Every structure is written in C-alpha cells, then in structure tokens.
>>> print(open('my_file_5.cif').read())   # mmCIF, C-alpha atoms
data_my_file
#
loop_
_atom_site.label_atom_id
_atom_site.label_comp_id
_atom_site.auth_asym_id
_atom_site.auth_seq_id
_atom_site.Cartn_x
_atom_site.Cartn_y
_atom_site.Cartn_z
CA MET A 82 32.14 -20.35 12.87
CA THR A 83 29.12 -20.64 15.13
CA ARG A 84 26.00 -22.54 14.27
CA GLY A 85 24.03 -19.31 14.20
CA GLU A 86 26.23 -17.57 11.65
CA PRO A 87 24.87 -19.30 8.51
CA GLU A 88 21.37 -18.32 9.67
CA THR A 89 22.30 -14.67 10.16
CA ARG A 90 23.90 -14.19 6.77
CA PRO A 91 20.96 -15.45 4.69
CA SER A 92 18.61 -13.30 6.78
CA GLU A 93 20.70 -10.19 6.06
CA ALA A 94 20.93 -11.12 2.39
CA ARG A 95 17.18 -11.58 2.18
CA LEU A 96 16.62 -8.17 3.73
CA ARG A 97 19.04 -6.58 1.26
CA LEU A 98 17.31 -8.27 -1.65
CA LEU A 99 13.87 -7.19 -0.49
CA THR A 100 14.98 -3.62 0.29
CA THR A 101 16.67 -3.32 -3.11
CA ALA A 102 13.70 -4.79 -4.98
CA THR A 103 11.25 -2.57 -3.12
CA ARG A 104 13.20 0.56 -4.05
CA ILE A 105 13.63 -0.34 -7.72
CA PHE A 106 10.21 -1.88 -8.33
CA TYR A 107 8.51 1.21 -6.89
CA ALA A 108 10.70 3.70 -8.74
CA GLU A 109 10.91 2.00 -12.12
CA GLY A 110 8.22 -0.65 -12.39
CA ILE A 111 8.28 -4.42 -12.05
CA HIS A 112 8.57 -5.90 -15.54
CA SER A 113 11.41 -3.59 -16.55
CA VAL A 114 13.65 -4.72 -13.68
CA GLY A 115 15.46 -8.01 -14.08
CA VAL A 116 16.71 -10.40 -11.43
CA ASP A 117 20.34 -9.77 -12.46
CA ARG A 118 20.08 -6.09 -11.57
CA ILE A 119 18.54 -6.81 -8.18
CA ILE A 120 21.28 -9.35 -7.46
CA ALA A 121 23.98 -6.87 -8.47
CA GLU A 122 22.60 -3.93 -6.47
CA ALA A 123 21.89 -6.09 -3.41
CA LYS A 124 25.45 -7.44 -3.67
CA VAL A 125 24.50 -11.10 -3.31
CA THR A 126 25.13 -14.18 -5.42
CA ARG A 127 22.61 -15.69 -7.80
CA ALA A 128 22.51 -18.80 -5.59
CA THR A 129 21.67 -16.62 -2.56
CA PHE A 130 18.84 -14.95 -4.45
CA TYR A 131 17.22 -18.22 -5.47
CA ARG A 132 17.68 -19.68 -1.99
CA HIS A 133 15.43 -16.94 -0.64
CA PHE A 134 13.17 -16.37 -3.64
CA PRO A 135 12.69 -19.38 -5.94
CA SER A 136 11.50 -17.03 -8.70
CA LYS A 137 11.10 -13.35 -9.51
CA GLU A 138 7.38 -13.76 -8.90
CA ASP A 139 8.07 -14.85 -5.31
CA LEU A 140 10.08 -11.67 -4.81
CA ILE A 141 7.30 -9.53 -6.31
CA LEU A 142 4.69 -11.08 -4.02
CA THR A 143 6.95 -10.55 -1.01
CA TYR A 144 7.48 -6.93 -2.08
CA LEU A 145 3.72 -6.30 -2.26
CA ARG A 146 3.16 -8.00 1.10
CA GLU A 147 5.86 -5.81 2.62
CA VAL A 148 4.18 -2.66 1.28
CA HIS A 149 0.85 -3.96 2.58
CA GLN A 150 2.29 -4.42 6.07
CA MET A 151 3.71 -0.89 6.04
CA GLU A 152 0.38 0.61 4.96
CA ARG A 153 -1.51 -1.56 7.43
CA GLY A 154 0.77 -0.37 10.23
CA THR A 155 0.05 3.26 9.34
CA VAL A 156 -3.71 2.66 9.27
CA GLU A 157 -3.73 0.70 12.54
CA ALA A 158 -1.73 3.46 14.25
CA ALA A 159 -4.22 6.06 13.00
CA ILE A 160 -7.09 4.02 14.45
CA ALA A 161 -5.34 3.39 17.78
CA ASN A 162 -4.42 7.06 18.25
CA ASN A 163 -7.76 8.48 17.08
CA PRO A 164 -10.56 6.29 18.46
CA ALA A 165 -13.54 8.66 18.17
CA ALA A 166 -15.95 8.81 15.21
CA ALA A 167 -14.41 10.45 12.12
CA ALA A 168 -10.99 11.10 13.71
CA PRO A 169 -9.25 7.92 12.44
CA LEU A 170 -10.52 8.56 8.90
CA LEU A 171 -9.07 12.08 8.98
CA ALA A 172 -5.79 10.68 10.34
CA ILE A 173 -5.64 8.09 7.53
CA ALA A 174 -6.35 10.81 4.97
CA ASP A 175 -3.58 12.94 6.46
CA SER A 176 -1.08 10.08 6.21
CA ILE A 177 -2.03 9.64 2.54
CA ALA A 178 -1.52 13.37 1.93
CA GLN A 179 1.90 13.21 3.61
CA ASN A 180 2.85 10.24 1.43
CA ILE A 181 1.89 12.13 -1.73
CA GLN A 182 4.22 14.97 -0.73
CA SER A 183 7.12 12.71 0.27
CA PRO A 184 10.37 12.63 -1.77
CA GLY A 185 10.40 9.97 -4.47
CA PHE A 186 6.61 9.58 -4.50
CA ARG A 187 5.50 7.64 -7.56
CA GLY A 188 1.90 6.82 -6.85
CA CYS A 189 0.31 3.75 -5.30
CA ALA A 190 2.52 0.66 -5.43
CA PHE A 191 -0.56 -1.55 -5.85
CA LEU A 192 -2.15 0.48 -8.64
CA ASN A 193 1.22 0.60 -10.38
CA ALA A 194 1.52 -3.17 -10.12
CA ALA A 195 -2.07 -3.65 -11.32
CA ALA A 196 -1.20 -1.74 -14.50
CA GLU A 197 1.49 -4.36 -15.21
CA TYR A 198 -0.63 -7.42 -14.38
CA SER A 199 -3.96 -7.43 -16.19
CA ASP A 200 -4.82 -11.13 -15.67
CA VAL A 201 -7.21 -11.21 -12.71
CA ASP A 202 -6.19 -14.79 -11.90
CA HIS A 203 -2.48 -14.02 -11.67
CA PRO A 204 -1.07 -14.35 -8.10
CA VAL A 205 0.24 -10.77 -8.21
CA ARG A 206 -3.18 -9.47 -9.20
CA GLN A 207 -4.77 -11.52 -6.42
CA GLU A 208 -2.35 -9.98 -3.91
CA ILE A 209 -3.38 -6.50 -5.11
CA ILE A 210 -7.08 -7.33 -4.81
CA ALA A 211 -6.58 -8.71 -1.29
CA HIS A 212 -4.83 -5.52 -0.20
CA ARG A 213 -7.52 -3.29 -1.64
CA GLN A 214 -10.28 -5.38 -0.09
CA TRP A 215 -8.61 -5.05 3.31
CA PHE A 216 -8.41 -1.26 2.88
CA LEU A 217 -12.05 -0.99 1.78
CA ASP A 218 -13.24 -3.24 4.62
CA THR A 219 -11.30 -1.15 7.15
CA LEU A 220 -12.75 2.11 5.81
CA THR A 221 -16.26 0.64 5.79
CA MET A 222 -15.90 -0.31 9.45
CA LEU A 223 -14.71 3.20 10.30
CA MET A 224 -17.40 4.87 8.21
CA ALA A 225 -20.03 2.88 10.13
CA GLN A 226 -19.02 4.91 13.19
CA VAL A 227 -19.93 8.05 11.26
CA HIS A 228 -23.14 6.83 9.61
CA GLN A 229 -24.06 3.14 9.54
CA GLU A 230 -26.51 3.24 6.62
CA THR A 231 -24.07 4.89 4.18
CA ALA A 232 -20.87 3.23 5.39
CA ASP A 233 -20.37 1.11 2.26
CA PRO A 234 -20.80 3.83 -0.42
CA ALA A 235 -18.95 6.38 1.72
CA ALA A 236 -15.97 4.01 2.08
CA ARG A 237 -15.93 3.41 -1.67
CA HIS A 238 -16.03 7.17 -2.20
CA PHE A 239 -13.02 7.53 0.11
CA VAL A 240 -11.11 4.91 -1.89
CA MET A 241 -11.89 6.67 -5.17
CA LEU A 242 -10.74 10.02 -3.80
CA ARG A 243 -7.58 8.35 -2.54
CA ASP A 244 -6.88 6.61 -5.87
CA GLY A 245 -7.36 9.85 -7.79
CA ALA A 246 -5.06 11.74 -5.44
CA MET A 247 -2.37 9.06 -5.66
CA ALA A 248 -2.46 9.22 -9.46
CA ALA A 249 -2.61 13.03 -9.65
CA GLY A 250 0.21 13.41 -7.11
CA CYS A 251 2.66 12.12 -9.74
CA LEU A 252 1.46 14.54 -12.40
CA PHE A 253 0.65 17.82 -10.67
CA ASP A 254 1.70 19.90 -7.67
CA PRO A 255 1.68 17.37 -4.78
CA ALA A 256 0.79 20.04 -2.22
CA LEU A 257 -2.22 21.18 -4.24
CA VAL A 258 -3.30 17.58 -4.87
CA SER A 259 -3.01 16.79 -1.16
CA ASP A 260 -5.03 19.85 -0.18
CA THR A 261 -7.75 18.99 -2.71
CA PHE A 262 -7.85 15.40 -1.46
CA LEU A 263 -8.13 16.43 2.19
CA ARG A 264 -10.91 18.88 1.38
CA GLY A 265 -12.74 16.09 -0.42
CA ILE A 266 -12.44 13.74 2.55
CA GLU A 267 -13.53 16.46 4.98
CA GLY A 268 -16.58 17.14 2.79
CA LEU A 269 -17.39 13.44 2.56
CA LEU A 270 -17.25 13.09 6.33
CA ARG A 271 -19.23 16.27 6.89
CA VAL A 272 -22.05 15.03 4.66
CA ASN A 273 -22.19 11.64 6.36
CA THR A 274 -21.89 13.08 9.86
CA GLY A 275 -24.77 15.36 8.96
CA ARG A 276 -26.83 12.35 7.96
CA GLU A 277 -26.13 10.75 11.32
CA SER A 278 -27.27 13.91 13.11
CA THR A 279 -30.43 14.07 10.97
CA ASP A 280 -31.23 10.43 11.67
CA SER A 281 -30.74 10.99 15.38
CA GLY A 282 -33.12 13.94 15.34
CA HIS A 283 -36.01 11.88 14.04
#
>>> encode(input="my_file_5.cif", output="structure tokens")
Amino acid sequence: MTRGEPETRPSEARLRLLTTATRIFYAEGIHSVGVDRIIAEAKVTRATFYRHFPSKEDLILTYLREVHQMERGTVEAAIANNPAAAAPLLAIADSIAQNIQSPGFRGCAFLNAAAEYSDVDHPVRQEIIAHRQWFLDTLTMLMAQVHQETADPAARHFVMLRDGAMAAGCLFDPALVSDTFLRGIEGLLRVNTGRESTDSGH
C-alpha cells in the first residue's frame, strides 16, 4: 500500500457522501433524511462519515456551499461571456429558466432549506442569507451598468421575479413559468434601460 492510498480513499468517500446527500436533500428535504440513509446509499461506513463530517449539520452546510459554488460558477460564466450592459443579466435569467425546465427540478435549494430552518441565528440559515446576499450584490452591480440610480431596487425586483419563478416551476407548467419569468426580466431591463436613455438625453 502506498502512502497516498489512504488519502485517496477518504477523498472518494467524501465525494460520494456529498453527492449522495446533495441528491437526496434536494429531492426530499433535509430534516426528513437521516445520516443512516446517506451512509447506506453512499456505501461508506459510519466511521468514514464522521471522519469527514463530524455532524449532519456539517454535511448540510457543505451541501449548501457546494450548491452555492455551482450557482456562482454559472453566474460568473454568464458575466464573462456577456460583458456588455444588460447582456449578462439576460444570460443569468436564461440559465434560471433552463434550470426550471430541467429534469428533477424541485425549486431553489436555498429557499427549500430556509423553509426548514426558521431560526435566523442558525448556521444553516446564515449560510442561506450569505448566498442570497452574494446574488443580490452581484445583480446590483450588473444593474448599475443598465441604470445606476435604480440598480438597487431593480436588482431586488430581479430576485423577487426569480424566487417566484423557482416556486411556481414546481407547481405549474415549467415552460410557461420560464417564459413568463423571462418576459418579466426583459420588461424590467427595458424599463431601466429606458431610464438610462432618458437621463442621458437631459
């Protein structure tokens, strides 16, 4: 056995645990899923689980951070590939619409988690708030390229449209929800772009 082998196995086990937890937490909720089920489906020992995640809460926080990184990667790619004015906002909206229409869609992982953790001081709730603040800050920065003076309310409007679409996508026709959401974002950007043009004309 090489010295590197013990390091490789725990790493693979950790990935299996996180992948399994991510799938089940998103599909079925967090409180309803016990550690024993995650251990069984990930095919690891209890000792292996606790070596990587001292508690279920540690696993939950890691799950949310993993989802955050995935969403952040999508947003950063949209910004990098669409540098001009409203283009990155439209690209972000399009990625949200695609997510809503994807197989197994069950809403926003963070809003779902927030429904299970009402205590604002709980570490899980704090992780949710941090993610949402990052998203709002990013949208505000992008909205400032469209119209500086209304960047803050416009970004909040975007978030509300997104939250509504993510919730409705689980209940109604995802394609119709996505189309309605995209029309809302296009209208929001059109209004604020118009304000920028008006301001420039004075």
>>> resolve_selection(input="my_file_5.cif", expression="the PyMOL selection byres ((chain A and resi 195-207) around 9)", output="list in words")
Gly110, Ile111, His112, Glu138, Ile141, Leu142, Leu145, Ala190, Phe191, Leu192, Asn193, Ala194, Glu208, Ile209, Ile210, Ala211 and His212 of chain A
>>> write_last_selection(input="my_file_5.cif", atoms="C-alpha atoms", output="PDB file, in the coordinates of the input")
ATOM      1  CA  GLY A 110       8.220  -0.650 -12.390  1.00  0.00           C
ATOM      2  CA  ILE A 111       8.280  -4.420 -12.050  1.00  0.00           C
ATOM      3  CA  HIS A 112       8.570  -5.900 -15.540  1.00  0.00           C
ATOM      4  CA  GLU A 138       7.380 -13.760  -8.900  1.00  0.00           C
ATOM      5  CA  ILE A 141       7.300  -9.530  -6.310  1.00  0.00           C
ATOM      6  CA  LEU A 142       4.690 -11.080  -4.020  1.00  0.00           C
ATOM      7  CA  LEU A 145       3.720  -6.300  -2.260  1.00  0.00           C
ATOM      8  CA  ALA A 190       2.520   0.660  -5.430  1.00  0.00           C
ATOM      9  CA  PHE A 191      -0.560  -1.550  -5.850  1.00  0.00           C
ATOM     10  CA  LEU A 192      -2.150   0.480  -8.640  1.00  0.00           C
ATOM     11  CA  ASN A 193       1.220   0.600 -10.380  1.00  0.00           C
ATOM     12  CA  ALA A 194       1.520  -3.170 -10.120  1.00  0.00           C
ATOM     13  CA  GLU A 208      -2.350  -9.980  -3.910  1.00  0.00           C
ATOM     14  CA  ILE A 209      -3.380  -6.500  -5.110  1.00  0.00           C
ATOM     15  CA  ILE A 210      -7.080  -7.330  -4.810  1.00  0.00           C
ATOM     16  CA  ALA A 211      -6.580  -8.710  -1.290  1.00  0.00           C
ATOM     17  CA  HIS A 212      -4.830  -5.520  -0.200  1.00  0.00           C
TER      18      HIS A 212
END
>>> resolve_selection(input="my_file_5.cif", expression="the PyMOL selection byres ((chain A and resi 226-240) around 6)", output="ChimeraX atom specification")
/A:166,220-221,223-225,241-243,273-274,277
>>> resolve_selection(input="my_file_5.cif", expression="the PyMOL selection byres ((chain A and resi 265) around 12)", output="PyMOL selection string")
chain A and resi 171+174-175+178+235+238-243+245-246+258-264+266-272
>>> closest_residue(input="my_file_5.cif", among="A:Thr219, A:Ser136, A:Asn162, A:Asn180", to="Pro255 in chain A", atoms="only C-alpha atoms")
A:Asn180
>>> atom_distance(input="my_file_5.cif", atom1="CA of Ile173 in chain A", atom2="CA of Phe216 in chain A")
10.8 Å
>>> axis_aligned_box(input="my_file_5.cif", around="range 187-203 of chain A", padding_each_side="3 Å", output="AutoDock Vina command-line options")
--center_x -0.9 --center_y -3.6 --center_z -10.7 --size_x 18.7 --size_y 28.4 --size_z 16.9
>>> atom_distance(input="my_file_5.cif", atom1="CA of Ala167 in chain A", atom2="CA of Gly275 in chain A")
11.9 Å
>>> atom_distance(input="my_file_5.cif", atom1="CA of Val156 in chain A", atom2="CA of Phe134 in chain A")
28.5 Å
>>> closest_residue(input="my_file_5.cif", among="A:Leu98, A:Leu257, A:Ile105, A:Cys189", to="His149 in chain A", atoms="only C-alpha atoms")
A:Cys189
>>> decode(input="my_file_5.cif", residues="range 87-111 of chain A", atoms="N, CA and C atoms", output="mmCIF file, in the first residue's frame")
data_model
loop_
_atom_site.group_PDB
_atom_site.id
_atom_site.type_symbol
_atom_site.label_atom_id
_atom_site.label_comp_id
_atom_site.auth_asym_id
_atom_site.auth_seq_id
_atom_site.Cartn_x
_atom_site.Cartn_y
_atom_site.Cartn_z
ATOM 1 N N PRO A 87 -4.302 5.869 1.428
ATOM 2 C CA PRO A 87 -5.266 6.258 2.451
ATOM 3 C C PRO A 87 -5.869 7.643 2.200
ATOM 4 N N GLU A 88 -5.092 8.529 1.543
ATOM 5 C CA GLU A 88 -5.606 9.866 1.261
ATOM 6 C C GLU A 88 -6.647 9.835 0.144
ATOM 7 N N THR A 89 -6.422 8.949 -0.836
ATOM 8 C CA THR A 89 -7.323 8.881 -1.986
ATOM 9 C C THR A 89 -8.686 8.337 -1.574
ATOM 10 N N ARG A 90 -8.680 7.278 -0.772
ATOM 11 C CA ARG A 90 -9.935 6.644 -0.404
ATOM 12 C C ARG A 90 -10.873 7.585 0.368
ATOM 13 N N PRO A 91 -10.376 8.259 1.427
ATOM 14 C CA PRO A 91 -11.264 9.200 2.106
ATOM 15 C C PRO A 91 -11.805 10.283 1.175
ATOM 16 N N SER A 92 -10.979 10.760 0.246
ATOM 17 C CA SER A 92 -11.414 11.792 -0.678
ATOM 18 C C SER A 92 -12.569 11.292 -1.539
ATOM 19 N N GLU A 93 -12.445 10.057 -2.038
ATOM 20 C CA GLU A 93 -13.513 9.471 -2.840
ATOM 21 C C GLU A 93 -14.758 9.246 -2.001
ATOM 22 N N ALA A 94 -14.573 8.810 -0.763
ATOM 23 C CA ALA A 94 -15.706 8.589 0.125
ATOM 24 C C ALA A 94 -16.424 9.903 0.431
ATOM 25 N N ARG A 95 -15.657 10.946 0.650
ATOM 26 C CA ARG A 95 -16.251 12.251 0.928
ATOM 27 C C ARG A 95 -17.080 12.727 -0.252
ATOM 28 N N LEU A 96 -16.541 12.543 -1.457
ATOM 29 C CA LEU A 96 -17.268 12.940 -2.658
ATOM 30 C C LEU A 96 -18.563 12.152 -2.793
ATOM 31 N N ARG A 97 -18.505 10.845 -2.509
ATOM 32 C CA ARG A 97 -19.714 10.020 -2.583
ATOM 33 C C ARG A 97 -20.753 10.477 -1.568
ATOM 34 N N LEU A 98 -20.293 10.769 -0.361
ATOM 35 C CA LEU A 98 -21.206 11.244 0.677
ATOM 36 C C LEU A 98 -21.869 12.558 0.271
ATOM 37 N N LEU A 99 -21.073 13.482 -0.238
ATOM 38 C CA LEU A 99 -21.597 14.790 -0.611
ATOM 39 C C LEU A 99 -22.538 14.679 -1.812
ATOM 40 N N THR A 100 -22.169 13.876 -2.794
ATOM 41 C CA THR A 100 -23.013 13.682 -3.973
ATOM 42 C C THR A 100 -24.347 13.049 -3.590
ATOM 43 N N THR A 101 -24.287 12.056 -2.722
ATOM 44 C CA THR A 101 -25.498 11.372 -2.261
ATOM 45 C C THR A 101 -26.386 12.329 -1.470
ATOM 46 N N ALA A 102 -25.783 13.060 -0.536
ATOM 47 C CA ALA A 102 -26.551 13.998 0.286
ATOM 48 C C ALA A 102 -27.174 15.091 -0.569
ATOM 49 N N THR A 103 -26.419 15.597 -1.536
ATOM 50 C CA THR A 103 -26.930 16.651 -2.404
ATOM 51 C C THR A 103 -28.172 16.178 -3.159
ATOM 52 N N ARG A 104 -28.102 14.970 -3.685
ATOM 53 C CA ARG A 104 -29.235 14.413 -4.439
ATOM 54 C C ARG A 104 -30.463 14.234 -3.548
ATOM 55 N N ILE A 105 -30.257 13.645 -2.372
ATOM 56 C CA ILE A 105 -31.407 13.337 -1.510
ATOM 57 C C ILE A 105 -31.942 14.584 -0.821
ATOM 58 N N PHE A 106 -31.063 15.426 -0.309
ATOM 59 C CA PHE A 106 -31.523 16.654 0.353
ATOM 60 C C PHE A 106 -32.371 17.490 -0.604
ATOM 61 N N TYR A 107 -31.910 17.615 -1.855
ATOM 62 C CA TYR A 107 -32.634 18.446 -2.817
ATOM 63 C C TYR A 107 -33.973 17.814 -3.192
ATOM 64 N N ALA A 108 -33.992 16.515 -3.361
ATOM 65 C CA ALA A 108 -35.207 15.838 -3.816
ATOM 66 C C ALA A 108 -36.248 15.676 -2.713
ATOM 67 N N GLU A 109 -35.774 15.462 -1.469
ATOM 68 C CA GLU A 109 -36.710 15.067 -0.416
ATOM 69 C C GLU A 109 -36.735 15.987 0.800
ATOM 70 N N GLY A 110 -35.807 16.932 0.870
ATOM 71 C CA GLY A 110 -35.746 17.779 2.050
ATOM 72 C C GLY A 110 -34.593 17.359 2.949
ATOM 73 N N ILE A 111 -34.306 18.181 3.937
ATOM 74 C CA ILE A 111 -33.145 17.956 4.795
ATOM 75 C C ILE A 111 -33.508 17.213 6.080
#
